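With PDB, C-alpha atoms and all ligand atoms inside, this is coords_14.pdb:
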ATOM      1  CA  MET A  94       0.000   0.000   0.000
ATOM      2  CA  THR A  95       1.234   3.505  -0.833
ATOM      3  CA  VAL A  96      -0.163   6.807   0.366
ATOM      4  CA  GLU A  97       0.087   9.708  -2.050
ATOM      5  CA  TYR A  98      -0.132  13.207  -0.637
ATOM      6  CA  ILE A  99      -0.844  16.133  -2.931
ATOM      7  CA  ARG A 100      -0.628  19.529  -1.266
ATOM      8  CA  TYR A 101      -2.238  22.467  -3.036
ATOM      9  CA  ARG A 102      -2.210  26.221  -2.444
ATOM     10  CA  ILE A 103      -5.215  27.438  -4.419
ATOM     11  CA  PRO A 104      -5.076  31.022  -5.662
ATOM     12  CA  GLY A 105      -8.552  32.541  -5.813
ATOM     13  CA  ASP A 106     -11.730  30.494  -6.134
ATOM     14  CA  THR A 107     -11.570  27.459  -3.870
ATOM     15  CA  THR A 108     -15.227  26.579  -4.554
ATOM     16  CA  ALA A 109     -14.470  25.725  -8.182
ATOM     17  CA  PHE A 110     -11.512  23.630  -6.995
ATOM     18  CA  GLU A 111     -13.609  21.623  -4.527
ATOM     19  CA  GLU A 112     -16.372  21.119  -7.089
ATOM     20  CA  ALA A 113     -13.867  19.890  -9.668
ATOM     21  CA  TYR A 114     -12.442  17.390  -7.182
ATOM     22  CA  GLY A 115     -15.991  16.312  -6.338
ATOM     23  CA  ARG A 116     -16.385  15.366 -10.006
ATOM     24  CA  ALA A 117     -12.860  13.922 -10.335
ATOM     25  CA  ALA A 118     -13.479  11.695  -7.306
ATOM     26  CA  ARG A 119     -15.806   9.454  -9.270
ATOM     27  CA  PHE A 120     -12.824   8.251 -11.314
ATOM     28  CA  LEU A 121     -10.981   7.367  -8.100
ATOM     29  CA  ALA A 122     -14.066   5.559  -6.824
ATOM     30  CA  LEU A 123     -14.051   3.392  -9.950
ATOM     31  CA  ALA A 124     -10.291   2.715  -9.965
ATOM     32  CA  PRO A 125      -9.349  -0.777  -8.737
ATOM     33  CA  GLN A 126      -5.895   0.620  -7.853
ATOM     34  CA  CYS A 127      -7.404   3.138  -5.399
ATOM     35  CA  VAL A 128      -8.065   2.008  -1.811
ATOM     36  CA  ASP A 129      -9.493   5.296  -0.520
ATOM     37  CA  TYR A 130      -9.111   9.058  -0.844
ATOM     38  CA  GLU A 131      -9.820  12.204   1.141
ATOM     39  CA  LEU A 132      -9.489  15.906   0.387
ATOM     40  CA  SER A 133      -8.948  18.098   3.469
ATOM     41  CA  ARG A 134      -8.843  21.856   3.716
ATOM     42  CA  CYS A 135      -6.504  23.683   6.085
ATOM     43  CA  THR A 136      -8.412  25.565   8.772
ATOM     44  CA  ASP A 137      -5.465  27.890   9.498
ATOM     45  CA  GLU A 138      -4.773  28.744   5.860
ATOM     46  CA  PRO A 139      -8.017  28.110   3.940
ATOM     47  CA  ASP A 140      -6.324  28.256   0.546
ATOM     48  CA  VAL A 141      -4.250  25.149   1.429
ATOM     49  CA  TYR A 142      -5.611  21.668   0.694
ATOM     50  CA  ILE A 143      -4.185  18.189   1.089
ATOM     51  CA  LEU A 144      -5.437  15.291  -0.981
ATOM     52  CA  ARG A 145      -4.580  11.871   0.416
ATOM     53  CA  ILE A 146      -4.985   8.892  -1.889
ATOM     54  CA  THR A 147      -4.168   5.371  -0.769
ATOM     55  CA  TRP A 148      -3.079   3.226  -3.713
ATOM     56  CA  THR A 149      -2.661  -0.531  -3.752
ATOM     57  CA  SER A 150       0.997   0.175  -4.741
ATOM     58  CA  THR A 151       3.058   2.940  -6.333
ATOM     59  CA  GLU A 152       3.338   0.871  -9.491
ATOM     60  CA  ASP A 153      -0.420   0.328  -9.616
ATOM     61  CA  HIS A 154      -0.848   4.094  -9.386
ATOM     62  CA  LEU A 155       1.778   5.067 -11.941
ATOM     63  CA  LYS A 156       1.188   2.277 -14.448
ATOM     64  CA  GLY A 157      -2.303   0.971 -13.728
ATOM     65  CA  PHE A 158      -4.206   4.190 -12.997
ATOM     66  CA  ARG A 159      -2.176   6.700 -14.995
ATOM     67  CA  GLY A 160      -1.958   4.307 -17.930
ATOM     68  CA  GLY A 161      -5.595   3.276 -17.732
ATOM     69  CA  ASP A 162      -8.935   4.394 -19.147
ATOM     70  CA  LEU A 163      -9.996   6.436 -16.121
ATOM     71  CA  PHE A 164      -7.037   8.802 -15.981
ATOM     72  CA  PRO A 165      -7.988  11.111 -18.895
ATOM     73  CA  GLY A 166     -11.355  11.928 -17.281
ATOM     74  CA  PHE A 167      -9.729  12.487 -13.891
ATOM     75  CA  LEU A 168      -7.016  14.721 -15.337
ATOM     76  CA  ALA A 169      -9.516  16.777 -17.341
ATOM     77  CA  GLU A 170     -11.260  17.801 -14.109
ATOM     78  CA  ILE A 171      -8.168  18.779 -12.105
ATOM     79  CA  ARG A 172      -5.877  20.074 -14.862
ATOM     80  CA  PRO A 173      -6.547  23.786 -14.116
ATOM     81  CA  TRP A 174      -4.922  23.372 -10.662
ATOM     82  CA  ILE A 175      -1.744  21.495 -11.557
ATOM     83  CA  GLU A 176       0.302  24.692 -11.213
ATOM     84  CA  ALA A 177      -1.058  25.078  -7.663
ATOM     85  CA  ILE A 178       0.575  21.849  -6.446
ATOM     86  CA  ASP A 179       3.243  22.400  -3.726
ATOM     87  CA  GLU A 180       3.973  18.726  -3.085
ATOM     88  CA  MET A 181       3.003  15.478  -4.792
ATOM     89  CA  ARG A 182       4.774  12.418  -3.396
ATOM     90  CA  HIS A 183       4.276   8.807  -2.401
ATOM     91  CA  TYR A 184       4.714   7.707   1.217
ATOM     92  CA  GLU A 185       5.023   4.274   2.816
ATOM     93  CA  ARG A 186       2.896   3.564   5.838
ATOM     94  CA  THR A 187       4.824   2.665   9.009
ATOM     95  CA  ALA A 188       3.729   0.408  11.855
ATOM     96  CA  VAL A 189       2.729   3.498  13.849
ATOM     97  CA  ARG A 190      -0.975   3.755  13.255
ATOM     98  CA  GLY A 191      -4.190   2.879  14.987
ATOM     99  CA  GLN A 192      -7.430   4.256  16.275
ATOM    100  CA  GLY A 193      -7.891   6.685  19.123
ATOM    101  CA  GLY A 194     -10.197   6.324  22.057
ATOM    102  CA  SER A 195     -13.184   8.156  20.580
ATOM    103  CA  ILE A 196     -15.015   4.882  19.914
ATOM    104  CA  PRO A 197     -15.122   2.271  22.705
ATOM    105  CA  SER A 198     -13.744  -1.139  21.810
ATOM    106  CA  MET A 199     -16.195  -3.997  21.482
ATOM    107  CA  TYR A 200     -14.516  -5.443  24.588
ATOM    108  CA  GLU A 201     -15.449  -2.365  26.614
ATOM    109  CA  TRP A 202     -18.941  -2.231  25.128
ATOM    110  CA  ALA A 203     -19.527  -5.902  25.988
ATOM    111  CA  GLY A 204     -18.687  -5.220  29.646
ATOM    112  CA  GLY A 205     -15.049  -6.337  29.736
ATOM    113  CA  THR A 206     -13.560  -9.582  31.020
ATOM    114  CA  GLU A 207     -16.222 -10.093  33.643
ATOM    115  CA  ALA A 208     -19.031 -10.086  31.038
ATOM    116  CA  LEU A 209     -17.129 -12.356  28.631
ATOM    117  CA  GLU A 210     -16.406 -14.842  31.429
ATOM    118  CA  ARG A 211     -20.103 -14.862  32.354
ATOM    119  CA  LEU A 212     -20.846 -15.574  28.706
ATOM    120  CA  THR A 213     -18.403 -18.466  28.331
ATOM    121  CA  GLU A 214     -19.272 -20.050  31.716
ATOM    122  CA  ARG A 215     -22.918 -20.286  30.665
ATOM    123  CA  PHE A 216     -22.035 -21.230  27.099
ATOM    124  CA  TYR A 217     -19.968 -24.263  28.054
ATOM    125  CA  GLN A 218     -22.659 -25.447  30.470
ATOM    126  CA  LEU A 219     -25.000 -25.512  27.461
ATOM    127  CA  VAL A 220     -22.319 -27.099  25.273
ATOM    128  CA  ILE A 221     -21.581 -29.962  27.666
ATOM    129  CA  ALA A 222     -25.292 -30.779  27.978
ATOM    130  CA  ASP A 223     -25.781 -30.776  24.196
ATOM    131  CA  ASP A 224     -25.870 -34.056  22.294
ATOM    132  CA  VAL A 225     -24.457 -32.584  19.025
ATOM    133  CA  VAL A 226     -21.403 -30.658  20.307
ATOM    134  CA  GLY A 227     -21.089 -32.014  23.856
ATOM    135  CA  PRO A 228     -18.999 -35.076  22.912
ATOM    136  CA  LEU A 229     -16.321 -32.840  21.301
ATOM    137  CA  PHE A 230     -15.739 -31.169  24.662
ATOM    138  CA  ALA A 231     -15.860 -34.286  26.875
ATOM    139  CA  HIS A 232     -12.209 -33.845  27.898
ATOM    140  CA  MET A 233     -11.893 -30.077  28.131
ATOM    141  CA  ASP A 234     -10.227 -28.787  31.254
ATOM    142  CA  ALA A 235     -11.969 -26.687  33.895
ATOM    143  CA  GLY A 236     -10.190 -23.524  32.751
ATOM    144  CA  HIS A 237     -11.536 -23.760  29.185
ATOM    145  CA  PRO A 238     -14.372 -21.211  29.538
ATOM    146  CA  LYS A 239     -11.979 -18.624  31.010
ATOM    147  CA  HIS A 240      -9.432 -19.301  28.263
ATOM    148  CA  VAL A 241     -12.001 -18.753  25.528
ATOM    149  CA  ALA A 242     -13.128 -15.554  27.310
ATOM    150  CA  MET A 243      -9.477 -14.433  27.246
ATOM    151  CA  TRP A 244      -9.308 -15.111  23.518
ATOM    152  CA  LEU A 245     -12.524 -13.198  22.859
ATOM    153  CA  ALA A 246     -11.313 -10.299  25.025
ATOM    154  CA  GLU A 247      -8.129 -10.025  22.963
ATOM    155  CA  VAL A 248     -10.012 -10.252  19.661
ATOM    156  CA  PHE A 249     -12.432  -7.489  20.662
ATOM    157  CA  GLY A 250      -9.774  -4.999  21.753
ATOM    158  CA  GLY A 251      -9.151  -6.013  25.384
ATOM    159  CA  PRO A 252      -5.879  -7.100  27.005
ATOM    160  CA  ALA A 253      -3.657  -9.453  24.995
ATOM    161  CA  ARG A 254      -3.720 -12.141  27.684
ATOM    162  CA  TYR A 255      -4.369 -15.105  25.414
ATOM    163  CA  THR A 256      -1.154 -14.250  23.583
ATOM    164  CA  GLY A 257       0.747 -13.523  26.806
ATOM    165  CA  GLU A 258      -0.459 -16.479  28.884
ATOM    166  CA  ARG A 259      -1.882 -19.157  26.561
ATOM    167  CA  GLY A 260       0.334 -19.188  23.472
ATOM    168  CA  GLY A 261      -1.702 -16.957  21.155
ATOM    169  CA  TYR A 262      -2.931 -17.973  17.720
ATOM    170  CA  PRO A 263      -0.733 -21.080  17.276
ATOM    171  CA  ALA A 264      -2.078 -22.568  20.526
ATOM    172  CA  MET A 265      -5.689 -21.760  19.668
ATOM    173  CA  LEU A 266      -5.224 -23.284  16.219
ATOM    174  CA  GLY A 267      -3.666 -26.408  17.741
ATOM    175  CA  HIS A 268      -6.815 -27.020  19.800
ATOM    176  CA  HIS A 269      -8.908 -27.305  16.625
ATOM    177  CA  LEU A 270      -6.589 -29.255  14.312
ATOM    178  CA  GLY A 271      -7.809 -32.736  13.459
ATOM    179  CA  ARG A 272     -11.115 -32.382  15.338
ATOM    180  CA  GLY A 273     -13.176 -32.897  12.178
ATOM    181  CA  ILE A 274     -15.879 -30.403  13.203
ATOM    182  CA  THR A 275     -19.054 -30.843  11.111
ATOM    183  CA  GLU A 276     -21.290 -28.041   9.834
ATOM    184  CA  ARG A 277     -24.057 -29.271  12.129
ATOM    185  CA  GLN A 278     -21.720 -28.992  15.113
ATOM    186  CA  ARG A 279     -20.494 -25.549  14.035
ATOM    187  CA  ARG A 280     -24.032 -24.294  13.707
ATOM    188  CA  ARG A 281     -25.021 -25.720  17.083
ATOM    189  CA  TRP A 282     -21.947 -24.050  18.664
ATOM    190  CA  VAL A 283     -23.119 -20.720  17.229
ATOM    191  CA  ASP A 284     -26.720 -21.222  18.327
ATOM    192  CA  LEU A 285     -25.701 -22.084  21.881
ATOM    193  CA  LEU A 286     -23.401 -19.064  22.050
ATOM    194  CA  VAL A 287     -26.290 -16.799  21.030
ATOM    195  CA  ASP A 288     -28.526 -18.456  23.645
ATOM    196  CA  ALA A 289     -25.856 -17.876  26.285
ATOM    197  CA  ALA A 290     -25.370 -14.259  25.168
ATOM    198  CA  ASP A 291     -29.089 -13.610  25.598
ATOM    199  CA  GLU A 292     -29.249 -15.407  28.938
ATOM    200  CA  VAL A 293     -26.344 -13.529  30.524
ATOM    201  CA  GLY A 294     -27.434 -10.173  29.100
ATOM    202  CA  LEU A 295     -24.595  -9.446  26.668
ATOM    203  CA  PRO A 296     -25.478  -6.126  24.966
ATOM    204  CA  ASP A 297     -28.168  -6.803  22.357
ATOM    205  CA  ASP A 298     -28.096  -3.521  20.444
ATOM    206  CA  PRO A 299     -28.038  -4.043  16.671
ATOM    207  CA  GLU A 300     -24.539  -2.624  16.199
ATOM    208  CA  PHE A 301     -22.876  -4.772  18.843
ATOM    209  CA  ARG A 302     -24.632  -7.981  17.914
ATOM    210  CA  ALA A 303     -24.004  -7.489  14.184
ATOM    211  CA  ALA A 304     -20.267  -7.041  14.744
ATOM    212  CA  PHE A 305     -20.110  -9.797  17.383
ATOM    213  CA  MET A 306     -21.866 -12.288  15.126
ATOM    214  CA  GLY A 307     -19.653 -11.238  12.218
ATOM    215  CA  TYR A 308     -16.655 -12.471  14.170
ATOM    216  CA  ILE A 309     -18.433 -15.606  15.393
ATOM    217  CA  GLU A 310     -19.466 -16.578  11.853
ATOM    218  CA  TRP A 311     -15.937 -15.953  10.577
ATOM    219  CA  GLY A 312     -14.229 -17.689  13.472
ATOM    220  CA  THR A 313     -16.425 -20.783  13.517
ATOM    221  CA  ARG A 314     -16.147 -21.255   9.761
ATOM    222  CA  LEU A 315     -12.352 -21.070  10.072
ATOM    223  CA  ALA A 316     -12.407 -23.473  13.047
ATOM    224  CA  LEU A 317     -14.400 -25.937  10.949
ATOM    225  CA  ALA A 318     -12.093 -25.624   7.935
ATOM    226  CA  ASN A 319      -8.938 -25.872  10.050
ATOM    227  CA  SER A 320     -10.227 -28.933  11.892
ATOM    228  CA  GLN A 321     -10.642 -31.064   8.762
ATOM    229  CA  PRO A 322      -8.251 -33.950   8.115
ATOM    230  CA  GLY A 323      -5.377 -32.768   5.913
ATOM    231  CA  ALA A 324      -6.078 -29.030   6.473
ATOM    232  CA  THR A 325      -2.939 -26.884   6.266
ATOM    233  CA  PRO A 326      -3.795 -23.504   7.830
ATOM    234  CA  PRO A 327      -0.979 -21.029   8.569
ATOM    235  CA  ARG A 328       0.758 -22.117  11.786
ATOM    236  CA  GLU A 329       1.714 -18.579  12.765
ATOM    237  CA  ALA A 330      -0.551 -15.541  12.619
ATOM    238  CA  PRO A 331      -1.499 -12.666  14.883
ATOM    239  CA  VAL A 332      -4.680 -12.866  16.941
ATOM    240  CA  PRO A 333      -7.328 -11.147  14.789
ATOM    241  CA  HIS A 334      -8.630  -7.800  15.997
ATOM    242  CA  TRP A 335     -12.291  -7.352  15.312
ATOM    243  CA  GLY A 336     -13.912  -3.921  15.155
ATOM    244  CA  TRP A 337     -17.339  -2.428  14.644
ATOM    245  CA  GLY A 338     -17.263  -2.533  10.851
ATOM    246  CA  VAL A 339     -19.702  -0.268   9.053
ATOM    247  CA  ALA A 340     -22.020   0.403  12.020
ATOM    248  CA  PRO A 341     -20.195   1.954  15.006
ATOM    249  CA  PRO A 342     -21.883   1.989  18.435
ATOM    250  CA  TYR A 343     -25.037   4.100  18.585
ATOM    251  CA  ASN A 344     -25.245   6.475  21.505
ATOM    252  CA  GLY A 345     -28.333   8.412  20.464
TER
HETATM  253  C1  LIG A 401     -15.184 -18.078  16.926
HETATM  254  C2  LIG A 401     -15.113 -19.400  17.066
HETATM  255  C3  LIG A 401     -14.256 -20.105  18.068
HETATM  256  C4  LIG A 401     -13.416 -19.600  19.024
HETATM  257  C5  LIG A 401     -13.113 -18.136  19.330
HETATM  258  C6  LIG A 401     -12.852 -20.729  19.714
HETATM  259  C7  LIG A 401     -11.919 -20.599  20.728
HETATM  260  C8  LIG A 401     -11.246 -21.662  21.299
HETATM  261  C9  LIG A 401     -10.114 -21.557  22.167
HETATM  262  C10 LIG A 401      -9.497 -20.217  22.580
HETATM  263  C11 LIG A 401      -9.728 -22.789  22.500
HETATM  264  C12 LIG A 401      -8.551 -23.164  23.396
HETATM  265  C13 LIG A 401      -8.833 -22.882  24.853
HETATM  266  C14 LIG A 401      -7.603 -23.043  25.720
HETATM  267  O1  LIG A 401      -6.584 -22.359  25.475
HETATM  268  O2  LIG A 401      -7.683 -23.854  26.665
HETATM  269  C15 LIG A 401     -10.622 -23.717  21.851
HETATM  270  C16 LIG A 401     -10.577 -25.069  21.959
HETATM  271  C17 LIG A 401     -11.488 -25.926  21.390
HETATM  272  N1  LIG A 401     -12.509 -25.584  20.519
HETATM  273 FE1  LIG A 401     -12.903 -23.770  19.834
HETATM  274  N2  LIG A 401     -13.351 -21.877  19.193
HETATM  275  C18 LIG A 401     -14.228 -21.545  18.186
HETATM  276  C19 LIG A 401     -14.981 -22.418  17.449
HETATM  277  C20 LIG A 401     -15.125 -23.753  17.716
HETATM  278  C21 LIG A 401     -16.119 -24.620  17.152
HETATM  279  C22 LIG A 401     -17.161 -24.188  16.119
HETATM  280  C23 LIG A 401     -15.927 -25.849  17.699
HETATM  281  C24 LIG A 401     -16.694 -27.112  17.486
HETATM  282  C25 LIG A 401     -17.980 -27.150  17.161
HETATM  283  C26 LIG A 401     -14.799 -25.760  18.603
HETATM  284  C27 LIG A 401     -14.265 -26.792  19.335
HETATM  285  C28 LIG A 401     -13.198 -26.706  20.179
HETATM  286  C29 LIG A 401     -12.632 -27.836  20.897
HETATM  287  C30 LIG A 401     -13.139 -29.279  20.810
HETATM  288  C31 LIG A 401     -11.568 -27.357  21.657
HETATM  289  C32 LIG A 401     -10.648 -28.149  22.557
HETATM  290  C33 LIG A 401     -11.371 -28.500  23.844
HETATM  291  C34 LIG A 401     -10.475 -29.307  24.797
HETATM  292  O3  LIG A 401      -9.515 -28.706  25.322
HETATM  293  O4  LIG A 401     -10.748 -30.483  24.974
HETATM  294  N3  LIG A 401     -14.348 -24.466  18.599
HETATM  295  N4  LIG A 401     -11.543 -23.007  21.114
END

How does the structure come out when it is put into C-alpha cells?
Amino acid sequence: MTVEYIRYRIPGDTTAFEEAYGRAARFLALAPQCVDYELSRCTDEPDVYILRITWTSTEDHLKGFRGGDLFPGFLAEIRPWIEAIDEMRHYERTAVRGQGGSIPSMYEWAGGTEALERLTERFYQLVIADDVVGPLFAHMDAGHPKHVAMWLAEVFGGPARYTGERGGYPAMLGHHLGRGITERQRRRWVDLLVDAADEVGLPDDPEFRAAFMGYIEWGTRLALANSQPGATPPREAPVPHWGWGVAPPYNG
C-alpha cells in the first residue's frame, strides 16, 4: 500500500476547486488501484488543501491508474490546478498507526472480562449438555471457559492475555486441528453461544450484535475448515482484531 499526498495552495476560487475534485473523485471511486481518498482543507490557511490517496501500490498508481482508461477523465477535471501543487509524493505507511479512544472497543462495550467470562461459563454449560457438540468437549479442562473468554477479550480490543499467557494464535489453532468439526456442530456451537449471550445479558443492540456475530461466523467457519483432516492452515498468525465494521456503536 502507498499513500500519495498532494498539497495544493489554491489562488482565488476554492469553490471551483472543490467542485472539480468532487467530479474527479468518481474516477478514483471506480479505480481498482485506489483504496481510498480524502481531500482536506486547512483551517489555518483556507487556501491550502491536502489530498490523500491510498493506492494498492506505487506501481499500480503510476502504471495501472495513470496508464488506464480512467485517468484522462480524472485529469480533465483537475488540470486547471496542476500549477497550484506544492507537493506530490508517495509515502510508505509505518507500523505506527491505529485508532484513538473516541469509539469504545467492542470489549469495553460488551462489559469487559467479567461479562465475557459470564458468557463463556454459561455457554460451556449448554455445550456440555448438548448431544451434538457435547462429545467434542468431553475432555476439556476446567479452565476452558476462562481461556475462551481471554481469547474473545483479545479479539475485541481487550488485554492481549491469550497471547501472553496461553500461546496466542498457534495454541488456539492447535486445539482445533484434526477435530473434524461438522457443519451441524459448528451451527449448534453458534446457536448455543447466542442463547448464552441472551441469557447472561450481553449487549443486544443491533450494532454490537451485528459485529459480534460477524466475528463468530468468521471464526467458527475457520475453526471448521482448520479442523478437517489434511487441512494446512498457517501455523503462525497474529490474533485477529475485530472492530465495529460499518455500524459503530449508537449512543443516540
Ligand atoms: C469463533 C469461534 C471459536 C473460538 C473463538 C474458539 C476458541 C477456542 C479456544 C481459545 C480454545 C482453546 C482454549 C484453551 O486455550 O484452553 C478452543 C478449543 C477448542 N474448541 Fe474452539 N473456538 C471456536 C470455534 C469452535 C467450534 C465451532 C468448535 C466445534 C464445534 C470448537 C471446538 C473446540 C474444541 C473441541 C476445543 C478443545 C477442547 C479441549 O480442550 O478439549 N471451537 N476453542

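With CA of Met181 (chain A) on one side and CA of Gly193 (chain A) on the other, the separation reads 27.7 Å.
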
Around (6.2, 7.6, -1.9) in the file's frame, which residues reach within 12 Å when counting all atoms listed in the file? Return as number ranges by chain? A: 94-99, 145-148, 150-152, 154-155, 180-186

Would you kindly return, as a ChimeraX atom specification, each protein, DNA or RNA residue with an atom no farther than 10 Å from any atom of region 107-118 of chain A, considering all atoms listed in the file and excluding same-chain residues fewer than 2 positions away? /A:102-105,120-124,130-134,139-142,144,163-164,166-174

Can you tell me, as a VMD selection string, what residues are no more than 8 Å from Arg259 (chain A) when counting only C-alpha atoms, ignoring any on the same chain fewer than 5 positions away? chain A and resid 240 254 264

Written file, previous selection with C-alpha atoms, as an mmCIF file, keeping the file's coordinate frame:
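Output file result-v4.cif is given in full below:
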data_model
loop_
_atom_site.group_PDB
_atom_site.id
_atom_site.type_symbol
_atom_site.label_atom_id
_atom_site.label_comp_id
_atom_site.auth_asym_id
_atom_site.auth_seq_id
_atom_site.Cartn_x
_atom_site.Cartn_y
_atom_site.Cartn_z
ATOM 1 C CA HIS A 240 -9.432 -19.301 28.263
ATOM 2 C CA ARG A 254 -3.720 -12.141 27.684
ATOM 3 C CA ALA A 264 -2.078 -22.568 20.526
#

Please identify all protein, DNA and RNA residues within 8 Å of ligand LIG 401 (chain A), counting all atoms listed in the file, and report them as a PyMOL selection string. chain A and resi 226+229-234+236-238+240-245+255+259-260+264-266+268-269+272+274-275+278-283+308-317

Protein/DNA/RNA residues near (-25.8, -27.9, 26.9), cut 12 Å, only C-alpha atoms, as a ChimeraX atom specification: /A:214-228,230-231,281-282,284-286,288-289

Written as a ChimeraX atom specification, what is the full residue list that the PyMOL selection byres (((chain A and resi 344) around 12) and not hetatm) yields on the file shown? /A:196-197,202,298-301,340-343,345

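Our summary of the geometry notes that CA of Pro252 (chain A) is positioned 26.9 Å from CA of Ser320 (chain A).
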
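Residues lying within 12 Å of Gly205 (chain A), counting all atoms listed in the file and ignoring same-chain neighbours fewer than 5 positions away, are A:Pro197, A:Ser198, A:Met199, A:Tyr200, A:Glu210, A:Arg211, A:Leu212, A:Ala242, A:Met243, A:Leu245, A:Ala246, A:Glu247, A:Val248, A:Phe249, A:Gly250, A:Gly251, A:Pro252, A:Leu295, A:Pro296.
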
Take the structure in the block and write a file for region 98-116 of chain A, N, CA and C atoms, as a compact mmCIF listing (two decimals), in the first residue's frame.
# COMPACT_ATOMS: atom_id res chain seq x y z
N TYR A 98 0.35 11.92 -1.15
CA TYR A 98 -0.13 13.21 -0.64
C TYR A 98 0.09 14.27 -1.71
N ILE A 99 -0.96 15.01 -1.99
CA ILE A 99 -0.84 16.13 -2.93
C ILE A 99 -1.28 17.38 -2.17
N ARG A 100 -0.33 18.30 -2.01
CA ARG A 100 -0.63 19.53 -1.27
C ARG A 100 -0.80 20.69 -2.25
N TYR A 101 -1.92 21.36 -2.13
CA TYR A 101 -2.24 22.47 -3.04
C TYR A 101 -2.29 23.79 -2.27
N ARG A 102 -1.90 24.87 -2.92
CA ARG A 102 -2.21 26.22 -2.44
C ARG A 102 -3.01 26.88 -3.57
N ILE A 103 -4.31 27.03 -3.35
CA ILE A 103 -5.22 27.44 -4.42
C ILE A 103 -5.34 28.97 -4.46
N PRO A 104 -4.89 29.58 -5.56
CA PRO A 104 -5.08 31.02 -5.66
C PRO A 104 -6.52 31.30 -6.07
N GLY A 105 -7.20 32.16 -5.37
CA GLY A 105 -8.55 32.54 -5.81
C GLY A 105 -9.63 31.57 -5.40
N ASP A 106 -10.45 31.17 -6.38
CA ASP A 106 -11.73 30.49 -6.13
C ASP A 106 -11.58 29.03 -5.67
N THR A 107 -11.71 28.83 -4.38
CA THR A 107 -11.57 27.46 -3.87
C THR A 107 -12.84 26.64 -4.13
N THR A 108 -13.97 27.31 -4.30
CA THR A 108 -15.23 26.58 -4.55
C THR A 108 -15.13 25.77 -5.85
N ALA A 109 -14.61 26.42 -6.89
CA ALA A 109 -14.47 25.73 -8.18
C ALA A 109 -13.53 24.53 -8.04
N PHE A 110 -12.48 24.71 -7.22
CA PHE A 110 -11.51 23.63 -6.99
C PHE A 110 -12.20 22.44 -6.32
N GLU A 111 -12.94 22.72 -5.25
CA GLU A 111 -13.61 21.62 -4.53
C GLU A 111 -14.65 20.94 -5.41
N GLU A 112 -15.36 21.73 -6.20
CA GLU A 112 -16.37 21.12 -7.09
C GLU A 112 -15.70 20.22 -8.14
N ALA A 113 -14.57 20.69 -8.65
CA ALA A 113 -13.87 19.89 -9.67
C ALA A 113 -13.41 18.57 -9.05
N TYR A 114 -12.88 18.64 -7.83
CA TYR A 114 -12.44 17.39 -7.18
C TYR A 114 -13.63 16.49 -6.87
N GLY A 115 -14.77 17.11 -6.55
CA GLY A 115 -15.99 16.31 -6.34
C GLY A 115 -16.32 15.49 -7.58
N ARG A 116 -16.13 16.10 -8.75
CA ARG A 116 -16.38 15.37 -10.01
C ARG A 116 -15.27 14.37 -10.30
